[in-house]
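Containing mmCIF, C-alpha atoms: my_file01.cif.
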data_start
loop_
_atom_site.label_atom_id
_atom_site.label_comp_id
_atom_site.auth_asym_id
_atom_site.auth_seq_id
_atom_site.Cartn_x
_atom_site.Cartn_y
_atom_site.Cartn_z
CA MET W 11 -16.40 -20.35 1.40
CA SER W 12 -14.59 -17.69 -0.55
CA SER W 13 -14.72 -14.24 0.96
CA THR W 14 -14.00 -12.32 -2.22
CA LEU W 15 -15.93 -9.09 -2.15
CA THR W 16 -17.38 -7.71 -5.34
CA VAL W 17 -18.94 -4.27 -5.67
CA SER W 18 -20.58 -3.74 -9.08
CA HIS W 19 -22.02 -0.52 -10.44
CA LEU W 20 -23.06 0.61 -6.98
CA ARG W 21 -25.17 3.77 -6.95
CA LYS W 22 -26.73 5.58 -4.01
CA THR W 23 -28.74 8.76 -4.27
CA TYR W 24 -30.39 10.86 -1.59
CA GLY W 25 -33.01 12.84 -3.49
CA PRO W 26 -31.12 14.76 -6.15
CA TYR W 27 -27.77 14.18 -4.39
CA VAL W 28 -25.64 11.39 -5.85
CA ALA W 29 -23.47 10.01 -3.01
CA VAL W 30 -22.09 6.98 -4.87
CA ASP W 31 -22.06 6.76 -8.64
CA ASP W 32 -21.42 3.61 -10.68
CA LEU W 33 -18.77 2.33 -8.27
CA SER W 34 -17.16 -1.03 -9.02
CA PHE W 35 -14.21 -2.78 -7.41
CA GLU W 36 -13.21 -6.23 -6.24
CA VAL W 37 -11.38 -7.27 -3.09
CA PRO W 38 -9.87 -10.78 -3.43
CA GLU W 39 -10.00 -13.17 -0.50
CA GLY W 40 -7.23 -12.51 2.03
CA CYS W 41 -6.50 -9.05 0.62
CA VAL W 42 -6.23 -5.87 2.65
CA PHE W 43 -7.95 -3.20 0.61
CA GLY W 44 -7.76 0.51 1.37
CA LEU W 45 -10.56 2.87 0.43
CA LEU W 46 -9.32 6.43 0.04
CA GLY W 47 -11.11 9.64 -0.77
CA PRO W 48 -11.56 13.23 0.34
CA ASN W 49 -14.18 14.07 2.97
CA GLY W 50 -17.66 13.43 1.61
CA ALA W 51 -16.37 11.31 -1.29
CA GLY W 52 -18.79 8.49 -0.42
CA LYS W 53 -16.58 6.06 1.51
CA SER W 54 -18.91 5.60 4.50
CA THR W 55 -21.97 5.44 2.24
CA THR W 56 -20.23 2.72 0.23
CA PHE W 57 -19.59 0.72 3.41
CA LYS W 58 -23.19 1.15 4.54
CA CYS W 59 -24.52 -0.02 1.18
CA MET W 60 -22.19 -3.03 1.30
CA LEU W 61 -23.59 -3.97 4.70
CA GLY W 62 -27.22 -3.33 3.87
CA LEU W 63 -27.35 -0.45 6.37
CA ALA W 64 -28.29 1.82 3.49
CA ARG W 65 -30.31 0.58 0.54
CA ALA W 66 -28.35 0.89 -2.71
CA THR W 67 -30.24 2.72 -5.44
CA ALA W 68 -28.68 0.43 -8.03
CA GLY W 69 -25.86 -2.07 -8.38
CA SER W 70 -24.86 -5.05 -6.31
CA VAL W 71 -22.49 -6.19 -3.58
CA LEU W 72 -21.49 -9.85 -3.41
CA PHE W 73 -19.70 -11.69 -0.62
CA GLY W 74 -18.03 -14.79 -2.05
CA GLY W 75 -20.40 -14.50 -5.00
CA LYS W 76 -23.53 -14.25 -2.88
CA PRO W 77 -25.67 -11.24 -2.03
CA LEU W 78 -25.81 -10.25 1.62
CA GLU W 79 -28.22 -12.42 3.59
CA PRO W 80 -28.68 -13.07 7.33
CA ALA W 81 -26.63 -16.29 7.12
CA LEU W 82 -23.61 -14.16 6.20
CA PHE W 83 -23.86 -11.74 9.15
CA GLU W 84 -21.81 -14.12 11.31
CA SER W 85 -18.88 -13.89 8.86
CA ILE W 86 -18.74 -10.10 8.51
CA ALA W 87 -17.44 -7.71 11.17
CA TYR W 88 -17.95 -3.96 10.83
CA VAL W 89 -16.46 -1.00 12.65
CA PRO W 90 -18.46 2.13 11.81
CA GLU W 91 -16.99 5.59 11.57
CA ARG W 92 -18.87 6.80 14.65
CA SER W 93 -19.23 4.97 17.94
CA VAL W 94 -22.18 2.63 18.21
CA LEU W 95 -21.33 1.67 21.78
CA TYR W 96 -24.08 2.16 24.36
CA ASP W 97 -22.97 4.95 26.69
CA TRP W 98 -24.70 3.39 29.70
CA MET W 99 -23.15 -0.05 29.25
CA THR W 100 -19.71 -1.14 30.43
CA VAL W 101 -17.13 -2.47 27.99
CA ALA W 102 -17.51 -5.93 29.58
CA GLU W 103 -21.26 -5.80 28.91
CA HIS W 104 -20.51 -5.07 25.26
CA VAL W 105 -18.25 -8.13 25.21
CA GLU W 106 -21.07 -10.21 26.67
CA MET W 107 -23.52 -8.84 24.12
CA GLN W 108 -21.19 -9.82 21.26
CA ARG W 109 -20.71 -13.29 22.78
CA ARG W 110 -24.45 -13.86 22.75
CA ALA W 111 -24.88 -12.49 19.23
CA PHE W 112 -22.08 -14.32 17.42
CA THR W 113 -21.10 -17.96 17.89
CA SER W 114 -17.54 -17.44 16.61
CA PHE W 115 -16.90 -14.49 18.96
CA ASP W 116 -13.98 -15.20 21.29
CA PRO W 117 -14.43 -13.35 24.64
CA LYS W 118 -10.94 -14.30 25.84
CA ALA W 119 -9.40 -12.76 22.73
CA ALA W 120 -11.58 -9.68 23.19
CA TYR W 121 -10.32 -9.14 26.77
CA GLU W 122 -6.72 -9.64 25.61
CA LEU W 123 -7.17 -7.09 22.83
CA LEU W 124 -8.81 -4.61 25.20
CA ALA W 125 -5.88 -5.04 27.61
CA GLN W 126 -3.44 -4.41 24.75
CA PHE W 127 -5.19 -1.08 24.16
CA GLY W 128 -5.14 -0.34 27.89
CA ILE W 129 -8.92 -0.33 28.17
CA ASP W 130 -10.49 -1.16 31.53
CA PRO W 131 -13.51 -3.40 30.75
CA ARG W 132 -15.31 -2.17 33.88
CA LYS W 133 -15.58 1.31 32.42
CA LYS W 134 -18.83 2.54 30.96
CA ALA W 135 -18.60 3.48 27.28
CA ARG W 136 -19.44 7.09 28.14
CA ALA W 137 -16.21 7.30 30.15
CA LEU W 138 -14.07 6.35 27.13
CA SER W 139 -12.31 8.91 24.94
CA LYS W 140 -13.07 8.98 21.21
CA GLY W 141 -9.94 6.98 20.49
CA MET W 142 -10.67 4.39 23.15
CA LYS W 143 -14.18 3.95 21.76
CA THR W 144 -12.64 3.27 18.35
CA ALA W 145 -10.17 0.81 19.94
CA THR W 146 -13.01 -0.96 21.79
CA MET W 147 -14.96 -1.41 18.57
CA VAL W 148 -11.84 -2.66 16.76
CA ALA W 149 -11.16 -5.15 19.59
CA LEU W 150 -14.75 -6.43 19.47
CA ALA W 151 -14.56 -6.77 15.68
CA ILE W 152 -11.23 -8.63 15.67
CA ALA W 153 -12.49 -11.04 18.36
CA ARG W 154 -15.30 -11.99 15.99
CA ARG W 155 -12.76 -13.99 13.89
CA ALA W 156 -14.78 -12.94 10.88
CA GLN W 157 -13.96 -13.84 7.29
CA THR W 158 -14.58 -10.28 6.15
CA LEU W 159 -13.79 -7.11 8.08
CA ILE W 160 -15.14 -3.75 7.03
CA LEU W 161 -13.43 -1.01 9.01
CA ASP W 162 -14.45 2.63 8.56
CA GLU W 163 -11.62 4.80 9.93
CA PRO W 164 -10.40 2.18 12.43
CA THR W 165 -7.57 4.37 13.71
CA SER W 166 -9.50 7.58 14.17
CA GLY W 167 -8.71 9.35 17.45
CA LEU W 168 -5.94 6.89 18.39
CA ASP W 169 -2.40 7.85 19.38
CA PRO W 170 0.44 6.72 17.07
CA ILE W 171 1.23 3.65 19.20
CA ASN W 172 -2.34 2.38 19.12
CA GLN W 173 -2.68 3.29 15.45
CA ARG W 174 0.31 1.06 14.74
CA HIS W 175 -1.27 -1.65 16.87
CA VAL W 176 -4.50 -1.49 14.85
CA LEU W 177 -2.47 -1.80 11.63
CA ASN W 178 -0.73 -4.88 12.98
CA LEU W 179 -4.10 -6.38 13.94
CA ILE W 180 -5.28 -5.80 10.35
CA ILE W 181 -2.09 -7.43 9.02
CA ASN W 182 -2.62 -10.36 11.37
CA GLU W 183 -6.21 -10.80 10.17
CA SER W 184 -5.02 -10.81 6.57
CA ALA W 185 -2.26 -13.32 7.38
CA ARG W 186 -4.89 -15.76 8.70
CA GLY W 187 -6.81 -15.38 5.44
CA ALA W 188 -9.48 -12.80 6.28
CA THR W 189 -10.46 -10.16 3.75
CA VAL W 190 -10.14 -6.63 5.12
CA ILE W 191 -11.43 -3.41 3.62
CA PHE W 192 -10.69 -0.23 5.51
CA SER W 193 -10.72 3.51 5.04
CA SER W 194 -8.38 6.07 6.51
CA HIS W 195 -7.45 9.67 5.98
CA GLN W 196 -3.93 8.77 7.02
CA ILE W 197 -2.56 7.70 3.69
CA GLY W 198 0.66 6.47 5.30
CA GLN W 199 -1.32 3.79 7.11
CA VAL W 200 -3.02 2.61 3.94
CA GLU W 201 0.39 2.63 2.24
CA ARG W 202 1.70 0.19 4.86
CA ALA W 203 -1.18 -2.17 5.45
CA ALA W 204 -3.05 -2.26 2.16
CA GLU W 205 -2.11 -4.38 -0.80
CA SER W 206 -4.59 -2.67 -3.10
CA ILE W 207 -6.54 0.56 -3.01
CA ALA W 208 -9.43 2.37 -4.59
CA VAL W 209 -9.62 6.14 -4.60
CA ILE W 210 -13.12 7.52 -4.78
CA ASP W 211 -13.87 11.13 -5.51
CA ARG W 212 -17.35 12.65 -5.54
CA GLY W 213 -18.84 9.16 -5.45
CA ARG W 214 -16.94 7.87 -8.45
CA LEU W 215 -13.95 5.59 -8.78
CA ALA W 216 -10.94 7.78 -9.54
CA LEU W 217 -8.20 5.16 -9.33
CA GLU W 218 -7.80 1.50 -8.42
CA GLY W 219 -4.86 -0.86 -8.23
CA ALA W 220 -2.18 -2.60 -6.20
CA VAL W 221 -0.18 -0.03 -4.22
CA ASP W 222 3.17 -1.39 -5.41
CA ASP W 223 1.99 -1.53 -9.04
CA LEU W 224 0.76 2.06 -8.89
CA LYS W 225 4.11 3.16 -7.45
CA ALA W 226 6.09 1.16 -10.00
CA GLY W 227 4.07 2.54 -12.91
CA ARG W 228 3.17 6.11 -12.05
CA LYS W 229 6.11 8.51 -12.28
CA ILE W 230 6.68 12.14 -13.00
CA VAL W 231 9.05 12.65 -15.91
CA GLU W 232 10.62 16.10 -16.08
CA ALA W 233 12.56 17.56 -18.96
CA ILE W 234 13.89 20.90 -20.10
CA PHE W 235 13.32 22.02 -23.68
CA PRO W 236 15.31 24.57 -25.71
CA SER W 237 12.44 27.06 -25.92
CA GLU W 238 9.04 27.72 -24.40
CA THR W 239 7.29 27.05 -27.66
CA TYR W 240 9.05 23.78 -28.38
CA ALA W 241 6.68 21.35 -30.09
CA LEU W 242 5.91 18.15 -28.19
CA ASP W 243 4.52 16.26 -31.15
CA GLY W 244 2.18 13.52 -30.04
CA VAL W 245 3.25 13.54 -26.41
CA SER W 246 0.00 14.87 -25.01
CA GLY W 247 -1.91 12.26 -27.01
CA ASP W 248 0.22 9.42 -25.59
CA SER W 249 -2.09 7.10 -23.64
CA ARG W 250 0.52 6.72 -20.89
CA VAL W 251 0.45 10.43 -20.15
CA ALA W 252 -2.18 11.22 -17.52
CA ARG W 253 -1.19 14.87 -17.21
CA LEU W 254 1.14 17.24 -19.00
CA ASP W 255 2.19 20.52 -17.44
CA ARG W 256 4.41 23.12 -19.11
CA THR W 257 6.06 25.83 -17.07
CA GLY W 258 8.27 27.87 -19.34
CA ARG W 259 10.85 25.48 -20.79
CA ILE W 260 10.17 22.80 -18.20
CA VAL W 261 7.79 19.98 -19.04
CA ARG W 262 6.43 17.69 -16.34
CA ALA W 263 4.45 14.65 -17.38
CA LEU W 264 2.62 12.21 -15.15
CA VAL W 265 3.01 8.86 -16.87
CA THR W 266 1.12 5.76 -15.79
CA SER W 267 3.68 3.23 -17.08
CA ASP W 268 7.00 2.79 -18.92
CA ALA W 269 8.64 5.95 -17.53
CA GLY W 270 12.03 4.77 -18.82
CA GLU W 271 10.73 4.52 -22.35
CA PHE W 272 9.05 7.90 -22.04
CA VAL W 273 12.41 9.42 -21.07
CA THR W 274 13.87 8.19 -24.37
CA ARG W 275 10.92 9.72 -26.18
CA LEU W 276 11.38 13.16 -24.56
CA GLU W 277 15.11 13.03 -25.28
CA ALA W 278 14.40 12.20 -28.93
CA LEU W 279 12.18 15.30 -29.07
CA GLY W 280 15.04 17.47 -27.82
CA GLY W 281 14.48 17.38 -24.06
CA SER W 282 17.49 17.46 -21.78
CA GLY W 283 18.07 17.06 -18.04
CA VAL W 284 15.36 14.42 -18.09
CA ARG W 285 14.65 12.96 -14.70
CA ILE W 286 12.18 10.46 -13.25
CA VAL W 287 10.55 11.34 -9.94
CA ASP W 288 9.07 8.55 -7.80
CA LEU W 289 5.62 9.16 -6.36
CA ASN W 290 4.41 7.94 -3.01
CA LEU W 291 0.80 7.04 -2.35
CA GLU W 292 -0.05 10.52 -1.10
CA ASP W 293 1.22 12.07 -4.35
CA ILE W 294 -0.68 9.47 -6.38
CA PHE W 295 -3.82 10.16 -4.35
CA LEU W 296 -3.56 13.93 -4.78
CA TYR W 297 -3.13 13.59 -8.53
CA ALA W 298 -6.12 11.26 -8.69
CA VAL W 299 -8.52 13.62 -6.91
CA ALA W 300 -7.28 17.06 -7.99
CA PRO W 301 -8.88 18.75 -10.99
CA SER W 302 -6.50 18.52 -13.92
CA ASP W 303 -5.82 22.27 -14.08
CA ALA W 304 -4.97 22.63 -10.41
CA THR W 305 -2.39 19.94 -9.75
CA ALA W 306 0.60 21.59 -11.36
CA ASP W 307 2.19 22.38 -8.02
CA VAL W 308 0.30 20.00 -5.74
CA VAL W 309 2.96 17.38 -5.99
CA GLY W 310 6.60 17.81 -5.15
CA GLY W 311 7.45 14.15 -5.63
CA ALA W 312 8.04 11.51 -3.00
CA SER W 313 10.65 12.34 -0.41
CA LYS W 314 13.41 9.79 -0.58
CA MET Z 28 21.99 -13.54 13.40
CA PRO Z 29 18.62 -11.81 13.33
CA VAL Z 30 17.59 -10.25 10.06
CA VAL Z 31 17.43 -6.50 10.27
CA LEU Z 32 15.36 -5.11 7.45
CA THR Z 33 13.94 -1.65 7.26
CA VAL Z 34 11.57 -0.36 4.63
CA ASP Z 35 10.26 3.10 4.01
CA PRO Z 36 6.60 2.67 3.02
CA ARG Z 37 6.34 6.39 2.25
CA SER Z 38 8.95 6.18 -0.45
CA GLY Z 39 7.92 6.01 -4.10
CA VAL Z 40 9.80 2.73 -4.46
CA PRO Z 41 7.42 -0.26 -4.22
CA ILE Z 42 7.73 -1.93 -0.81
CA TYR Z 43 8.32 -5.41 -2.24
CA LEU Z 44 11.29 -4.06 -4.23
CA GLN Z 45 12.69 -2.55 -1.03
CA VAL Z 46 12.41 -5.93 0.72
CA ILE Z 47 14.09 -7.71 -2.20
CA GLU Z 48 16.92 -5.17 -2.30
CA GLN Z 49 17.51 -5.43 1.45
CA VAL Z 50 17.55 -9.21 1.53
CA LYS Z 51 20.00 -9.27 -1.40
CA ARG Z 52 22.17 -6.70 0.31
CA SER Z 53 22.13 -8.72 3.54
CA VAL Z 54 23.12 -11.85 1.63
CA ALA Z 55 25.84 -9.96 -0.26
CA LEU Z 56 27.24 -8.60 3.00
CA GLY Z 57 27.09 -11.98 4.68
CA ILE Z 58 24.60 -10.76 7.31
CA LEU Z 59 22.42 -13.55 6.00
CA ALA Z 60 24.47 -16.72 5.51
CA GLY Z 61 23.68 -19.68 3.26
CA GLY Z 62 21.13 -21.95 4.91
CA GLU Z 63 19.97 -19.26 7.29
CA GLN Z 64 16.23 -19.02 7.89
CA LEU Z 65 14.29 -15.89 7.01
CA PRO Z 66 11.38 -14.71 9.15
CA THR Z 67 8.03 -16.13 8.09
CA VAL Z 68 5.90 -13.95 5.83
CA LYS Z 69 3.56 -13.16 8.71
CA GLN Z 70 6.40 -12.38 11.12
CA LEU Z 71 8.17 -10.03 8.71
CA ALA Z 72 4.86 -8.33 7.83
CA LEU Z 73 4.18 -7.71 11.53
CA ASP Z 74 7.79 -6.66 12.28
CA LEU Z 75 7.73 -4.06 9.51
CA THR Z 76 3.98 -3.31 9.66
CA ILE Z 77 3.52 -3.99 5.98
CA ASN Z 78 1.07 -6.11 4.02
CA PRO Z 79 1.72 -9.88 4.21
CA ASN Z 80 1.01 -10.39 0.49
CA THR Z 81 3.66 -7.77 -0.25
CA VAL Z 82 6.20 -9.78 1.76
CA ALA Z 83 5.07 -12.99 0.04
CA LYS Z 84 5.57 -11.35 -3.35
CA ALA Z 85 9.12 -10.28 -2.38
CA TYR Z 86 9.91 -13.83 -1.20
CA ARG Z 87 8.56 -15.30 -4.45
CA GLU Z 88 10.82 -13.03 -6.52
CA LEU Z 89 13.82 -13.78 -4.30
CA GLU Z 90 13.15 -17.46 -4.85
CA ARG Z 91 12.91 -16.95 -8.60
CA ASP Z 92 16.20 -15.02 -8.52
CA GLY Z 93 17.80 -18.01 -6.77
CA VAL Z 94 18.60 -16.10 -3.57
CA ILE Z 95 16.33 -18.04 -1.23
CA GLU Z 96 14.45 -21.30 -1.27
CA THR Z 97 11.16 -22.06 0.38
CA SER Z 98 10.05 -25.46 1.53
CA PRO Z 99 6.41 -25.79 2.42
CA GLY Z 100 5.86 -26.07 6.15
CA ARG Z 101 9.49 -25.32 6.99
CA GLY Z 102 9.91 -21.75 5.85
CA SER Z 103 12.26 -19.75 3.67
CA PHE Z 104 16.04 -20.12 3.75
CA VAL Z 105 18.97 -18.42 2.10
CA LYS Z 106 20.04 -20.82 -0.61
CA SER Z 107 22.88 -22.94 0.67
CA ASN Z 108 23.52 -24.83 -2.56
CA GLY Z 109 26.08 -22.56 -4.10
CA ALA Z 110 25.67 -19.91 -1.41
CA ALA Z 111 28.80 -18.24 -2.78
CA ASP Z 112 27.08 -17.95 -6.16
CA SER Z 113 23.93 -16.37 -4.82
CA THR Z 114 26.01 -14.03 -2.63
CA LYS Z 115 27.92 -12.92 -5.67
CA SER Z 116 24.86 -12.47 -7.86
CA ALA Z 117 23.07 -10.62 -5.05
CA ALA Z 118 26.06 -8.31 -4.67
CA ARG Z 119 26.10 -7.76 -8.42
CA ASP Z 120 22.37 -6.93 -8.46
CA VAL Z 121 22.75 -4.35 -5.69
CA ALA Z 122 25.82 -2.76 -7.32
CA ARG Z 123 24.27 -2.74 -10.79
CA ASP Z 124 21.21 -0.82 -9.55
CA ALA Z 125 23.41 1.78 -7.83
CA PHE Z 126 25.57 2.09 -10.94
CA ASP Z 127 22.56 2.39 -13.21
CA ALA Z 128 21.13 5.22 -11.14
CA ALA Z 129 24.45 7.09 -11.18
CA VAL Z 130 24.87 6.76 -14.95
CA ARG Z 131 21.28 7.80 -15.58
CA GLU Z 132 21.79 10.89 -13.41
CA ALA Z 133 25.03 11.78 -15.23
CA LYS Z 134 23.37 11.42 -18.59
CA SER Z 135 20.34 13.46 -17.58
CA ILE Z 136 22.47 16.41 -16.52
CA GLY Z 137 24.11 16.43 -19.91
CA LEU Z 138 27.34 14.39 -19.70
CA GLY Z 139 28.37 12.34 -22.72
CA ALA Z 140 29.27 8.65 -22.71
CA ALA Z 141 33.01 9.34 -22.85
CA GLU Z 142 32.89 11.67 -19.86
CA VAL Z 143 30.84 9.16 -17.85
CA ARG Z 144 33.37 6.45 -18.71
CA ASP Z 145 36.21 8.70 -17.49
CA LEU Z 146 34.35 9.34 -14.24
CA ALA Z 147 33.69 5.63 -13.75
CA ALA Z 148 37.36 4.84 -14.40
CA ALA Z 149 38.45 7.55 -11.96
CA ALA Z 150 36.08 6.22 -9.29
CA ILE Z 151 37.42 2.70 -9.79
CA ASP Z 152 41.01 3.95 -9.49
CA ARG Z 153 40.14 5.81 -6.29
CA TRP Z 154 38.43 2.90 -4.53
CA PHE Z 155 40.62 0.06 -5.74
CA THR Z 156 44.05 1.67 -5.16
CA GLU Z 157 45.59 -1.38 -3.50
CA GLU Z 158 45.02 -3.41 -6.66
CA GLN Z 159 46.89 -1.01 -8.91
#

Target format structure tokens, applied to this file:
Amino acid sequence: MSSTLTVSHLRKTYGPYVAVDDLSFEVPEGCVFGLLGPNGAGKSTTFKCMLGLARATAGSVLFGGKPLEPALFESIAYVPERSVLYDWMTVAEHVEMQRRAFTSFDPKAAYELLAQFGIDPRKKARALSKGMKTATMVALAIARRAQTLILDEPTSGLDPINQRHVLNLIINESARGATVIFSSHQIGQVERAAESIAVIDRGRLALEGAVDDLKAGRKIVEAIFPSETYALDGVSGDSRVARLDRTGRIVRALVTSDAGEFVTRLEALGGSGVRIVDLNLEDIFLYAVAPSDATADVVGGASK
Amino acid sequence: MPVVLTVDPRSGVPIYLQVIEQVKRSVALGILAGGEQLPTVKQLALDLTINPNTVAKAYRELERDGVIETSPGRGSFVKSNGAADSTKSAARDVARDAFDAAVREAKSIGLGAAEVRDLAAAAIDRWFTEEQ
């Protein structure tokens, strides 16, 4: 069965508050997909709606073309943002509970993963730090051998070594063909592990695409013009220009494709000292979520 | 010899392009010899902690560029048929990109074509003295 995940026109309101608004994206089978957004953007609500833990107000979520139904629960593993471990149960008891609940759960793999994180299975959940609770939930989810993994902040509270380990587990899941969608505030992690991303801002899709395509296409083009009032005929109307900032004689444009061609265009208009600045995912993210009049000095360009 | 690749995921250069550039450079330098096996997609993804589909994309382009060949079930290898050819073309690719960047920079800070040509000639004279 295909595990392509399709979110279409998802909407979730709480009274007058719109948490998710007309959100659509698709995660192909075997893809690692990163969901990015500022705090309160609607990432966790999106995950909950996908899993049926919150009832969507409108829109649909399909797993391999089918709506969520009990028969699919076995094939989907979820790590929530906050711990759902039972404080009074040991880690080993959680392993046993998962074994009884899911036929494809592999207890041996679970114990190996817990050992890799340095977690003593005899410990009660209440004795675990925040990070170790996250690691326990990740270990239990990976041992499910699920076709689809939905991981809400799966590295939260972990030290850099264990964060890297979680990323490698995600990569390993993808390499065996599983579909993984995860969120993280650490953009560097998404930049490594994710093939594609969606940025959501105030419940709406702000940007979507393959990380490498976004980096190849989106560039800052800078040029110096002879005077502050120099006319930039047609440049601001160019569909490739997502932003245009003028500071004195310096013009900075965020272009979404064909930066090389845009350079020629600025030079033809009289620009000199034209340079192309690469953007990393953090820069691209900040441009996507910042209001258009406030980004002028948000981005310094990717460090080499 | 083990393949030593490093990528900087935080750079603005797409990761798959970084992998391609590094493999070509390794071939050009002879670190990777003709017939030598590359890590599997999964292994390289885990070694570098990068997305496996990104590695697969880099391998596909390297294959298209004639640098490596992949046989299903066996893995990816540096092309041994005409290894000298692929070494040379890989070296040319790496050098061309570096040259391109330098010329673009020179042009953007206001130098004319003639001046850039003089600089290129001077650089060639400096680095190839023994051939003069």

With a cut-off of 8 Å, could you pull out the residues of chain W touching chain Z and give me the nearest pair of atoms for each, distance in Å to one decimal, using all atoms listed in the file, ordered by chain and ascending number, as a Markdown table?
| residue | atom | partner | partner_atom | distance |
| --- | --- | --- | --- | --- |
| W:Cys41 | CA | Z:Asn80 | CA | 7.6 |
| W:Val42 | CA | Z:Asn78 | CA | 7.4 |
| W:Arg174 | CA | Z:Thr76 | CA | 7.6 |
| W:Leu177 | CA | Z:Thr76 | CA | 6.9 |
| W:Asn178 | CA | Z:Leu73 | CA | 5.8 |
| W:Ile181 | CA | Z:Asn78 | CA | 6.1 |
| W:Asn182 | CA | Z:Lys69 | CA | 7.3 |
| W:Ser184 | CA | Z:Pro79 | CA | 7.2 |
| W:Ala185 | CA | Z:Lys69 | CA | 6.0 |
| W:Gly198 | CA | Z:Arg37 | CA | 6.4 |
| W:Glu201 | CA | Z:Pro36 | CA | 6.3 |
| W:Arg202 | CA | Z:Ile77 | CA | 4.7 |
| W:Ala203 | CA | Z:Asn78 | CA | 4.8 |
| W:Ala204 | CA | Z:Asn78 | CA | 5.9 |
| W:Glu205 | CA | Z:Asn78 | CA | 6.0 |
| W:Val221 | CA | Z:Pro41 | CA | 7.6 |
| W:Asp222 | CA | Z:Pro41 | CA | 4.6 |
| W:Asp223 | CA | Z:Pro41 | CA | 7.4 |
| W:Lys225 | CA | Z:Pro41 | CA | 5.8 |
| W:Ala226 | CA | Z:Pro41 | CA | 6.1 |
| W:Ser282 | CA | Z:Ser135 | CA | 6.5 |
| W:Gly283 | CA | Z:Ser135 | CA | 4.3 |
| W:Val284 | CA | Z:Ser135 | CA | 5.1 |
| W:Arg285 | CA | Z:Ser135 | CA | 6.4 |
| W:Asp288 | CA | Z:Gly39 | CA | 4.6 |
| W:Leu289 | CA | Z:Gly39 | CA | 4.5 |
| W:Asn290 | CA | Z:Gly39 | CA | 4.2 |
| W:Leu291 | CA | Z:Arg37 | CA | 7.2 |
| W:Ala312 | CA | Z:Gly39 | CA | 5.6 |
| W:Ser313 | CA | Z:Ser38 | CA | 6.4 |
| W:Lys314 | CA | Z:Ser38 | CA | 5.7 |

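For the pair CA of Glu232 in chain W and CA of Asp268 in chain W, the separation is 14.1 Å.
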
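Among the candidates Z:Val94, Z:Ala129, Z:Leu65, Z:Leu71, the one nearest to Lys115 in chain Z when counting all atoms listed in the file is Z:Val94.
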
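Note that CA of Cys59 in chain W and CA of Thr16 in chain W are 12.4 Å apart.
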
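Distance-wise, CA of Ala263 in chain W and CA of Val231 in chain W end up 5.2 Å apart.
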
Using the chain letters and numbers from this file, what does the PyMOL selection byres ((chain W and resi 143) around 10) select? Give the answer as number ranges by chain. W: 92-95, 101, 129, 135-142, 144-149, 166-168

TODO: Tell me which residues the PyMOL selection byres ((chain W and resi 82) around 12) grabs here, as a PyMOL selection string.
DONE: chain W and resi 11-13+61-62+72-81+83-87+112+156-158

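Residues matched by the PyMOL selection byres ((chain W and resi 234-237) around 8) in this file: Glu232, Ala233, Glu238, Thr239, Tyr240, Gly258, Arg259, Ile260, Val261, Gly280, Gly281, Ser282, Gly283 and Val284 of chain W.
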
Keeping only C-alpha atoms, write the selected residues to a file as a compact mmCIF listing (two decimals), in the frame of the given file.
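Output file result_31.txt follows:
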# COMPACT_ATOMS: atom_id res chain seq x y z
CA GLU W 232 10.62 16.10 -16.08
CA ALA W 233 12.56 17.56 -18.96
CA GLU W 238 9.04 27.72 -24.40
CA THR W 239 7.29 27.05 -27.66
CA TYR W 240 9.05 23.78 -28.38
CA GLY W 258 8.27 27.87 -19.34
CA ARG W 259 10.85 25.48 -20.79
CA ILE W 260 10.17 22.80 -18.20
CA VAL W 261 7.79 19.98 -19.04
CA GLY W 280 15.04 17.47 -27.82
CA GLY W 281 14.48 17.38 -24.06
CA SER W 282 17.49 17.46 -21.78
CA GLY W 283 18.07 17.06 -18.04
CA VAL W 284 15.36 14.42 -18.09

Padding 3 Å on every side, please: axis-aligned box over the listed atoms of range 215-225 of chain W, centre and edge lengths to one decimal in Å, as AutoDock Vina command-line options.
--center_x -4.9 --center_y 2.6 --center_z -6.9 --size_x 24.1 --size_y 16.4 --size_z 11.3

### Query
Which residues, written as a PyMOL selection string, have at least one atom at most 6 Å from Lys106 in chain Z, with only C-alpha atoms counted and residues fewer than 3 positions away on the same chain left out?
chain Z and resi 61-62+94-96+110

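When only C-alpha atoms are used to compute distances to Arg87 in chain Z, the closest of the residues Z:Gln64, Z:Val121, Z:Val46, Z:Asp145 turns out to be Z:Val46.
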
Tell me which protein, DNA and RNA residues are within 6 Å of range 49-58 of chain Z, counting all atoms listed in the file, leaving out same-chain ones fewer than 2 positions away, and put them as a short mmCIF file (atom, residue, chain, number, x, y, z; two decimals) with C-alpha atoms, in the frame of the given file.
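Written file, selection04.cif:
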data_model
loop_
_atom_site.label_atom_id
_atom_site.label_comp_id
_atom_site.auth_asym_id
_atom_site.auth_seq_id
_atom_site.Cartn_x
_atom_site.Cartn_y
_atom_site.Cartn_z
CA VAL Z 46 12.41 -5.93 0.72
CA ILE Z 47 14.09 -7.71 -2.20
CA ALA Z 60 24.47 -16.72 5.51
CA THR Z 114 26.01 -14.03 -2.63
CA ALA Z 117 23.07 -10.62 -5.05
CA ALA Z 118 26.06 -8.31 -4.67
#

Nearest to Gly187 in chain W, restricted to all atoms listed in the file and choosing among W:Leu159, W:Leu63, W:Leu33, W:Val209, comes out as W:Leu159

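Nearest residue to Val190 in chain W, choosing from W:Leu20, W:Leu215, W:Val37, W:Ala269 and counting all atoms listed in the file: W:Val37.
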